[in-house]
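Each remark here refers to the structure printed beneath this line.
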Amino acid sequence: MNDLGILRREQGQYDEAARLLNEALEGRKKRLGPDHPYTLGTMDELAVLYKKQAQYEKAEPLLLEVIEGRRLKLGDNHPHTLESWKNLIDLYEAWPKPDQAAKWRAELP
């Protein structure tokens, strides 16, 4: 469901993408736990969807949680951690919250 949700997001089918990604997220939380790398990956994908829809208030807490989880599980320099970090910077630039974007950009490893 996760991959299908990503595909639907890229096709612009946002409602279907949100349904699929939320369903995948709930399933992964139950089966793998909230801090498993796959669960965090789904959260990241859902946050990207919310950013595309300009639902910044929904995307921000997801990305903050993903970054924290990925930093703990994978480390600061892991490509997935850095990807989420850059997604958060992109979010703040789109919002626009340039001060927040600059803060997180300055902290990039």
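By order of appearance in the structure tokens: chains A, B, ..., then residues from 1 within every chain, and ligands from 1 in the order shown.
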
**Message:** Env of stretch 60-67 of chain A: 7 Å cut, atoms = only C-alpha atoms, seq-sep filter 2 positions within chain, self excluded. Answer as number ranges by chain.
**Reply:** A: 40, 43-44, 47, 56-58, 69-71, 81, 84-85, 88

**Asked** Could you pull out all residues of stretch 8-98 of chain A with a DSSP call of alpha helix (DSSP H) and give them as a ChimeraX atom specification?
**Response** /A:8-10,14-32,37-52,56-74,79-94,98

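With only C-alpha atoms as the atoms that count, the residue of A:Asn87, A:Gln100, A:Asn77, A:Gln11 with the shortest distance to A:Glu45 is A:Asn87.
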
**Prompt:** Which residues, written as a count of residues only, have at least one atom at most 9 Å from stretch 2-4 of chain A, with only C-alpha atoms counted and residues fewer than 5 positions away on the same chain left out?
**Reply:** 10

**Asked** What's the 9 Å shell around A:Trp95, counting only C-alpha atoms, without same-chain residues fewer than 4 positions away, as a ChimeraX atom specification?
**Response** /A:51,54,56,90-91

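Of the listed residues A:His36, A:Lys73, A:Lys103, A:Arg28, the one whose atoms come nearest to A:Met1 is A:Arg28, with distances taken using only C-alpha atoms.
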
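Computed from the coordinates, the atom CA of A:Arg19 to atom CA of A:Lys86 distance equals 24.5 Å.
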